[in-house]
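The next block is protein.csv, given as CSV, C-alpha atoms.
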```
chain,number,residue,atom,x,y,z
A,1,MET,CA,-25.5,2.4,-18.2
A,2,ARG,CA,-24.0,0.6,-21.2
A,3,THR,CA,-20.8,2.6,-20.9
A,4,VAL,CA,-20.5,1.9,-17.2
A,5,LEU,CA,-20.8,-1.9,-17.9
A,6,LYS,CA,-18.1,-1.6,-20.5
A,7,ILE,CA,-15.8,0.2,-18.1
A,8,LEU,CA,-16.5,-2.5,-15.5
A,9,ALA,CA,-15.7,-5.2,-18.1
A,10,VAL,CA,-12.4,-3.6,-18.9
A,11,SER,CA,-11.5,-3.3,-15.3
A,12,VAL,CA,-12.4,-6.9,-14.4
A,13,VAL,CA,-10.5,-8.4,-17.3
A,14,THR,CA,-7.4,-6.2,-16.7
A,15,THR,CA,-7.5,-7.1,-13.0
A,16,VAL,CA,-7.7,-10.8,-13.7
A,17,PHE,CA,-4.8,-10.5,-16.2
A,18,ARG,CA,-2.7,-8.6,-13.7
A,19,ILE,CA,-3.3,-11.1,-10.9
A,20,ALA,CA,-2.5,-14.0,-13.2
A,21,MET,CA,0.8,-12.4,-14.1
A,22,GLN,CA,1.5,-11.8,-10.4
A,23,MET,CA,1.2,-15.4,-9.7
A,24,VAL,CA,4.0,-16.4,-12.0
A,25,ILE,CA,6.5,-13.8,-10.7
A,26,PRO,CA,8.9,-15.2,-8.2
A,27,GLU,CA,9.3,-13.3,-5.0
A,28,ALA,CA,12.5,-11.5,-4.2
A,29,ASP,CA,13.9,-11.7,-0.7
A,30,GLN,CA,14.4,-8.5,1.3
A,31,ASN,CA,14.7,-7.7,5.0
A,32,ILE,CA,14.3,-3.9,5.2
A,33,LEU,CA,10.5,-3.5,5.0
A,34,GLN,CA,8.1,-5.7,6.8
A,35,PRO,CA,5.0,-7.3,5.1
A,36,SER,CA,1.8,-5.2,5.3
A,37,ALA,CA,-1.0,-6.0,7.6
A,38,PHE,CA,-3.0,-7.3,4.6
A,39,VAL,CA,-0.2,-9.9,4.0
A,40,ALA,CA,-0.1,-10.8,7.7
A,41,ASN,CA,-3.8,-11.4,8.1
A,42,GLY,CA,-4.2,-13.1,4.7
A,43,THR,CA,-6.5,-10.5,3.1
A,44,LEU,CA,-4.0,-9.3,0.5
A,45,PRO,CA,-5.6,-11.1,-2.5
A,46,LEU,CA,-9.0,-9.6,-1.7
A,47,VAL,CA,-7.7,-6.1,-1.0
A,48,PHE,CA,-5.4,-6.1,-4.1
A,49,SER,CA,-8.3,-7.2,-6.3
A,50,VAL,CA,-10.6,-4.5,-5.1
A,51,TYR,CA,-8.0,-1.8,-5.4
A,52,ALA,CA,-7.0,-3.0,-8.9
A,53,LEU,CA,-10.6,-3.0,-10.0
A,54,PHE,CA,-11.0,0.6,-8.8
A,55,VAL,CA,-7.7,1.8,-10.4
A,56,TYR,CA,-8.2,0.2,-13.8
A,57,GLY,CA,-11.9,1.4,-13.8
A,58,MET,CA,-10.9,5.0,-13.0
A,59,LEU,CA,-8.1,5.0,-15.6
A,60,THR,CA,-10.6,3.5,-18.2
A,61,ALA,CA,-13.2,6.2,-17.3
A,62,ALA,CA,-10.5,8.9,-17.6
A,63,PHE,CA,-10.0,7.9,-21.3
A,64,LEU,CA,-13.5,9.2,-22.1
A,65,MET,CA,-12.4,12.7,-20.9
A,66,PHE,CA,-10.3,13.4,-24.0
A,67,CYS,CA,-10.7,10.4,-26.3
A,68,GLN,CA,-11.7,12.8,-29.1
A,69,GLY,CA,-8.2,14.2,-29.1
A,70,VAL,CA,-6.5,10.8,-29.7
A,71,SER,CA,-5.9,10.3,-33.4
A,72,GLY,CA,-6.7,6.9,-35.1
A,73,GLY,CA,-9.6,4.8,-34.3
A,74,GLY,CA,-10.7,1.9,-32.2
A,75,ILE,CA,-7.8,-0.3,-31.1
A,76,VAL,CA,-5.2,2.3,-32.1
A,77,GLN,CA,-6.8,4.9,-29.8
A,78,GLY,CA,-6.9,2.5,-26.9
A,79,LEU,CA,-3.3,1.3,-27.3
A,80,LYS,CA,-2.0,4.8,-27.5
A,81,TYR,CA,-3.7,5.6,-24.2
A,82,GLY,CA,-2.5,2.4,-22.6
A,83,THR,CA,1.0,2.9,-23.8
A,84,THR,CA,1.2,6.4,-22.4
A,85,LEU,CA,0.0,5.3,-19.0
A,86,SER,CA,2.5,2.3,-19.0
A,87,CYS,CA,5.4,4.7,-19.6
A,88,ILE,CA,4.8,6.3,-16.2
A,89,TRP,CA,4.3,3.0,-14.4
A,90,ALA,CA,7.4,1.3,-15.9
A,91,THR,CA,9.6,4.4,-15.3
A,92,PHE,CA,8.7,4.7,-11.6
A,93,MET,CA,9.1,0.9,-11.2
A,94,PHE,CA,12.7,1.3,-12.2
A,95,GLU,CA,13.4,3.6,-9.2
A,96,GLN,CA,16.2,2.1,-7.1
A,97,LEU,CA,14.9,1.8,-3.5
A,98,PRO,CA,16.7,0.4,-0.4
A,99,HIS,CA,14.5,-2.8,-0.1
A,100,GLY,CA,15.3,-3.8,-3.7
A,101,THR,CA,17.6,-6.8,-3.9
A,102,SER,CA,17.2,-7.9,-7.5
A,103,PHE,CA,17.0,-5.6,-10.5
A,104,LEU,CA,15.3,-8.4,-12.5
A,105,LEU,CA,12.7,-9.3,-9.9
A,106,ASP,CA,12.1,-6.0,-8.2
A,107,ASN,CA,12.3,-3.7,-11.2
A,108,ALA,CA,12.4,-5.2,-14.7
A,109,LEU,CA,9.8,-7.9,-14.3
A,110,TYR,CA,7.3,-5.7,-12.4
A,111,ALA,CA,7.8,-2.9,-14.9
A,112,LEU,CA,7.0,-5.4,-17.7
A,113,VAL,CA,4.0,-6.9,-16.0
A,114,ASP,CA,2.5,-3.5,-15.1
A,115,ALA,CA,3.0,-2.3,-18.6
A,116,LEU,CA,1.4,-5.3,-20.2
A,117,ALA,CA,-1.6,-5.0,-17.9
A,118,LEU,CA,-2.1,-1.4,-19.0
A,119,LEU,CA,-1.6,-2.4,-22.7
A,120,VAL,CA,-4.4,-5.0,-22.2
A,121,MET,CA,-6.5,-2.3,-20.7
A,122,GLY,CA,-5.8,-0.1,-23.7
A,123,LEU,CA,-6.7,-2.9,-26.1
A,124,LEU,CA,-10.0,-3.5,-24.3
A,125,ILE,CA,-10.7,0.2,-24.3
A,126,GLY,CA,-10.1,0.3,-28.0
A,127,LEU,CA,-12.4,-2.6,-28.6
A,128,LEU,CA,-15.3,-1.5,-26.3
A,129,LEU,CA,-15.1,2.3,-25.8
A,130,ALA,CA,-13.1,4.0,-28.6
A,131,GLY,CA,-14.8,5.4,-31.7
A,132,LYS,CA,-13.9,4.8,-35.3
A,133,ASN,CA,-12.1,8.2,-35.5
A,134,ASN,CA,-12.9,10.8,-32.9
A,135,VAL,CA,-10.5,13.5,-34.3
A,136,PRO,CA,-12.3,15.9,-36.6
A,137,GLU,CA,-10.8,16.5,-40.0
A,138,ASN,CA,-10.1,20.2,-39.4
A,139,ALA,CA,-8.4,19.3,-36.1
A,140,GLN,CA,-6.2,16.8,-38.0
A,141,ARG,CA,-5.2,19.4,-40.5
A,142,LYS,CA,-4.5,21.9,-37.7
A,143,ALA,CA,-2.3,19.3,-35.9
A,144,SER,CA,-0.5,18.5,-39.1
A,145,SER,CA,0.2,22.1,-40.0
A,146,GLY,CA,1.3,23.0,-36.5
A,147,SER,CA,3.5,19.9,-35.9
A,148,LYS,CA,6.7,22.0,-36.0
A,149,VAL,CA,5.4,24.4,-33.5
A,150,SER,CA,4.3,21.6,-31.2
A,151,SER,CA,7.7,19.9,-31.5
A,152,ALA,CA,9.4,23.2,-30.6
A,153,LYS,CA,7.2,23.6,-27.6
A,154,THR,CA,7.8,20.1,-26.4
A,155,ALA,CA,11.6,20.5,-26.8
A,156,ALA,CA,11.4,23.6,-24.5
A,157,TRP,CA,8.8,22.2,-22.0
A,158,ILE,CA,10.4,18.8,-21.3
A,159,PRO,CA,13.8,20.0,-20.0
A,160,VAL,CA,12.2,22.8,-17.8
A,161,THR,CA,9.7,20.3,-16.3
A,162,ALA,CA,12.4,17.6,-15.8
A,163,LEU,CA,14.5,20.1,-13.9
A,164,ALA,CA,11.6,21.0,-11.7
A,165,PHE,CA,11.1,17.3,-11.0
A,166,VAL,CA,14.8,16.8,-10.1
A,167,LEU,CA,14.6,19.9,-7.8
A,168,GLY,CA,11.5,18.4,-6.2
A,169,ARG,CA,13.3,15.2,-5.6
A,170,LEU,CA,16.3,16.9,-4.0
A,171,LEU,CA,13.9,18.7,-1.7
A,172,GLN,CA,12.4,15.3,-0.7
A,173,TYR,CA,15.8,13.7,-0.1
A,174,ASN,CA,17.4,16.6,1.8
A,175,VAL,CA,14.5,18.2,3.6
A,176,PHE,CA,11.7,15.6,4.0
A,177,ASN,CA,14.0,12.6,4.2
A,178,THR,CA,11.7,10.5,2.0
A,179,TYR,CA,12.5,6.8,1.6
A,180,SER,CA,15.1,6.5,-1.1
A,181,SER,CA,18.6,5.3,-2.1
A,182,PHE,CA,19.9,8.8,-2.5
A,183,GLU,CA,22.6,8.5,0.2
A,184,ALA,CA,23.8,5.0,-0.9
A,185,LYS,CA,23.4,5.5,-4.7
A,186,PRO,CA,23.4,9.2,-5.4
A,187,VAL,CA,24.5,9.0,-9.1
A,188,ILE,CA,22.0,6.2,-10.0
A,189,THR,CA,19.3,8.0,-8.1
A,190,MET,CA,19.9,11.3,-9.8
A,191,LEU,CA,20.1,9.7,-13.3
A,192,TRP,CA,16.8,8.1,-12.6
A,193,CYS,CA,15.3,11.4,-11.5
A,194,ILE,CA,16.3,13.1,-14.7
A,195,GLY,CA,14.8,10.2,-16.8
A,196,ALA,CA,11.6,10.1,-14.7
A,197,GLY,CA,11.2,13.8,-14.9
A,198,ALA,CA,11.5,13.8,-18.7
A,199,VAL,CA,9.1,10.9,-19.1
A,200,SER,CA,6.6,12.4,-16.7
A,201,ALA,CA,6.8,15.7,-18.6
A,202,GLY,CA,6.4,14.0,-22.0
A,203,VAL,CA,3.3,12.0,-20.8
A,204,THR,CA,1.7,15.1,-19.3
A,205,ILE,CA,2.3,17.1,-22.4
A,206,TRP,CA,0.6,14.3,-24.4
A,207,PHE,CA,-2.3,14.5,-22.1
A,208,ARG,CA,-2.4,18.2,-22.4
A,209,ASN,CA,-2.4,18.1,-26.2
A,210,ARG,CA,-5.2,15.6,-26.3
A,211,ALA,CA,-7.3,17.6,-23.9
A,212,ALA,CA,-6.7,20.8,-25.9
A,213,ASP,CA,-7.7,19.0,-29.2
A,214,THR,CA,-11.1,18.1,-27.8
A,215,GLY,CA,-12.0,21.8,-27.3
A,216,LYS,CA,-14.1,20.8,-24.3
A,217,PHE,CA,-11.8,22.0,-21.5
A,218,ARG,CA,-11.1,25.6,-20.5
A,219,HIS,CA,-7.7,24.6,-19.0
A,220,PRO,CA,-6.3,21.6,-20.8
A,221,LEU,CA,-3.0,21.8,-18.8
A,222,ALA,CA,-5.0,21.4,-15.5
A,223,ILE,CA,-6.8,18.3,-16.9
A,224,ALA,CA,-3.4,16.9,-18.0
A,225,CYS,CA,-1.9,17.4,-14.6
A,226,LEU,CA,-5.0,15.8,-13.0
A,227,LEU,CA,-4.6,12.7,-15.1
A,228,PHE,CA,-0.9,12.5,-14.4
A,229,ALA,CA,-1.7,12.9,-10.7
A,230,LEU,CA,-4.3,10.2,-10.6
A,231,ASN,CA,-2.0,7.8,-12.6
A,232,LEU,CA,1.0,8.4,-10.2
A,233,ALA,CA,-1.1,8.2,-7.1
A,234,PHE,CA,-2.7,4.9,-8.2
A,235,PHE,CA,0.7,3.5,-8.9
A,236,ASN,CA,2.3,4.5,-5.6
A,237,PHE,CA,-0.5,3.2,-3.4
A,238,PHE,CA,-0.1,-0.3,-4.6
A,239,MET,CA,3.0,-0.4,-2.4
A,240,PRO,CA,1.4,-0.2,1.0
A,241,LEU,CA,-0.9,-3.1,0.1
A,242,VAL,CA,2.1,-5.4,0.1
A,243,LEU,CA,4.7,-3.7,2.3
A,244,ASP,CA,4.6,-1.9,5.7
A,245,VAL,CA,5.6,1.6,4.5
A,246,SER,CA,4.9,5.0,5.9
A,247,VAL,CA,1.8,6.5,4.4
A,248,LEU,CA,2.9,10.0,5.3
A,249,ASP,CA,6.2,9.4,3.4
A,250,LEU,CA,4.3,8.1,0.4
A,251,LEU,CA,1.9,11.1,0.5
A,252,THR,CA,4.9,13.4,0.6
A,253,ARG,CA,6.6,11.6,-2.3
A,254,THR,CA,3.5,11.6,-4.4
A,255,GLY,CA,2.5,15.2,-3.6
A,256,VAL,CA,5.9,16.7,-4.3
A,257,ASP,CA,6.3,14.8,-7.6
A,258,ILE,CA,2.9,15.9,-8.8
A,259,ALA,CA,3.5,19.5,-7.7
A,260,ALA,CA,6.9,19.6,-9.4
A,261,ILE,CA,5.6,18.3,-12.7
A,262,SER,CA,2.7,20.7,-12.6
A,263,LEU,CA,4.8,23.7,-11.6
A,264,GLY,CA,7.4,22.9,-14.2
A,265,LEU,CA,4.9,22.8,-17.0
A,266,LEU,CA,3.2,25.9,-15.8
A,267,ILE,CA,6.5,27.8,-15.8
A,268,ALA,CA,7.4,26.4,-19.2
A,269,THR,CA,4.1,27.2,-20.8
A,270,SER,CA,4.0,30.7,-19.2
A,271,ALA,CA,7.5,31.5,-20.5
A,272,VAL,CA,6.6,30.4,-24.0
A,273,LYS,CA,3.4,32.6,-24.0
A,274,GLU,CA,5.4,35.6,-22.7
A,275,MET,CA,8.1,35.1,-25.4
A,276,LYS,CA,5.4,34.8,-28.1
A,277,ALA,CA,3.6,38.0,-26.8
A,278,ALA,CA,6.9,39.9,-26.7
A,279,SER,CA,7.7,38.9,-30.3
A,280,VAL,CA,4.3,40.0,-31.5
A,281,GLU,CA,4.7,43.4,-29.7
A,282,GLY,CA,8.1,43.8,-31.3
A,283,LEU,CA,6.7,43.5,-34.9
A,284,PRO,CA,6.3,46.8,-36.8
A,285,GLU,CA,2.7,47.9,-37.4
A,286,SER,CA,1.3,47.6,-40.9
A,287,GLY,CA,2.0,50.8,-42.9
A,288,SER,CA,4.4,52.3,-40.3
A,289,GLY,CA,7.0,52.8,-42.9
A,290,ARG,CA,4.9,55.2,-45.0
```
For the file at hand, write its structure as structure tokens.
Amino acid sequence: MRTVLKILAVSVVTTVFRIAMQMVIPEADQNILQPSAFVANGTLPLVFSVYALFVYGMLTAAFLMFCQGVSGGGIVQGLKYGTTLSCIWATFMFEQLPHGTSFLLDNALYALVDALALLVMGLLIGLLLAGKNNVPENAQRKASSGSKVSSAKTAAWIPVTALAFVLGRLLQYNVFNTYSSFEAKPVITMLWCIGAGAVSAGVTIWFRNRAADTGKFRHPLAIACLLFALNLAFFNFFMPLVLDVSVLDLLTRTGVDIAAISLGLLIATSAVKEMKAASVEGLPESGSGR
């Protein structure tokens, strides 16, 4: 019960902070998308507050799934988690969409505000929920000794996963006709896709490593993809609260992005395992030279 109250406290304070920041951001004019029904009937403040409470509460609770795998203690743990989540939110906020009229107001300021809110959430998590040091000493030694291997895996996994994300986006633009600036700004759109794919892959790998370090989960990659999926879905569905957008389009965009990152990491990890198995099979057996 005490943990639930702490999660609620983190959610409430983060929501209040996010709403306060929203109030000081000037609105950018655009005439492509109409305001949502919540804006039209005046219920947006209430709906936004409830949804934000739910989102920040769920993200706070998700920290408890693999907090033992996050090195450091207290505030450091919380800030690492909050920073990781903010990378996704800030990256996807920089996507150039047709209704955007001001890079500063539509992209940069909102990316900053969303990132700050998640950092506040991380700080509160560190103060209220994180332990002194939840990484066992033997796990720290193992992580230190295997850092070169982890770096090599990351270097291989990120490009493969980023490519899968780019291909998923091309599928969206050319087959599903999802809402985008691909036709008007193909170069900028594709550059963003590459960057977003790389960041998404890096964040999901970080989740995967933390889940693996806890030793509690049979499939740490599945847990990592689930956390990435929740984070991205929560981010995307703030949009229909404010603007009249197609929910089907948003579901397609979210689903394909999640599937692309998950499939890319699955392919990358499977390829590394097969290469490792092949190298082991190719080694000469002990004593075979006698």
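The coordinates place CA of Met21 (chain A) at 15.1 Å from CA of Leu104 (chain A).
Taking only C-alpha atoms, the non-local environment of region 107-121 of chain A within 7 Å (same-chain residues fewer than 4 positions away omitted) comprises Val10, Thr14, Phe17, Arg18, Met21, Leu79, Gly82, Thr83, Ser86, Trp89, Ala90, Met93, Phe94, Phe103 and Ile125 of chain A.
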| request: May I have the residues at most 7 Å from (16.4, 3.9, -1.1) in the file's coordinates, counting all atoms listed in the file, as a PyMOL selection string? | output: chain A and resi 96-98+179-182
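Here CA of Gly122 (chain A) is placed at a distance of 12.2 Å from CA of Leu64 (chain A).
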| said: Residues near Phe66 (chain A), anyone? I mean within 10 Å using all atoms listed in the file, not counting same-chain ones fewer than 5 positions away, as number ranges by chain. | reply: A: 134, 207-217, 220, 223-224
| Of the listed residues A:Leu191, A:Val4, A:Ile205, A:Ala184, that which approaches Trp157 (chain A) most closely, counting only C-alpha atoms | A:Ile205
| note | Of A:Ala155, A:Ala259, A:Ala61, A:Ile25, the one sitting nearest Arg169 (chain A) when using all atoms listed in the file is A:Ala259
| said: Excluding region 194-203 of chain A and its own-chain neighbours fewer than 4 positions away, which residues fall within 9 Å of it when counting all atoms listed in the file? Please give them as number ranges by chain. | reply: A: 84-85, 87-88, 91-92, 95, 154, 157-166, 189-190, 207-208, 224, 228, 257, 261-262, 264-265
Give me a file of those residues, with C-alpha atoms, as a short mmCIF file (atom, residue, chain, number, x, y, z; two decimals), keeping the file's coordinate frame.
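What ended up in selection-v3.cif:
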```
data_model
loop_
_atom_site.label_atom_id
_atom_site.label_comp_id
_atom_site.auth_asym_id
_atom_site.auth_seq_id
_atom_site.Cartn_x
_atom_site.Cartn_y
_atom_site.Cartn_z
CA THR A 84 1.20 6.40 -22.40
CA LEU A 85 0.00 5.30 -19.00
CA CYS A 87 5.40 4.70 -19.60
CA ILE A 88 4.80 6.30 -16.20
CA THR A 91 9.60 4.40 -15.30
CA PHE A 92 8.70 4.70 -11.60
CA GLU A 95 13.40 3.60 -9.20
CA THR A 154 7.80 20.10 -26.40
CA TRP A 157 8.80 22.20 -22.00
CA ILE A 158 10.40 18.80 -21.30
CA PRO A 159 13.80 20.00 -20.00
CA VAL A 160 12.20 22.80 -17.80
CA THR A 161 9.70 20.30 -16.30
CA ALA A 162 12.40 17.60 -15.80
CA LEU A 163 14.50 20.10 -13.90
CA ALA A 164 11.60 21.00 -11.70
CA PHE A 165 11.10 17.30 -11.00
CA VAL A 166 14.80 16.80 -10.10
CA THR A 189 19.30 8.00 -8.10
CA MET A 190 19.90 11.30 -9.80
CA PHE A 207 -2.30 14.50 -22.10
CA ARG A 208 -2.40 18.20 -22.40
CA ALA A 224 -3.40 16.90 -18.00
CA PHE A 228 -0.90 12.50 -14.40
CA ASP A 257 6.30 14.80 -7.60
CA ILE A 261 5.60 18.30 -12.70
CA SER A 262 2.70 20.70 -12.60
CA GLY A 264 7.40 22.90 -14.20
CA LEU A 265 4.90 22.80 -17.00
#
```
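Across A:Phe176, A:Tyr51, A:Ile267, A:Gly42, the tightest approach to Val12 (chain A) is made by A:Tyr51 when counting all atoms listed in the file.
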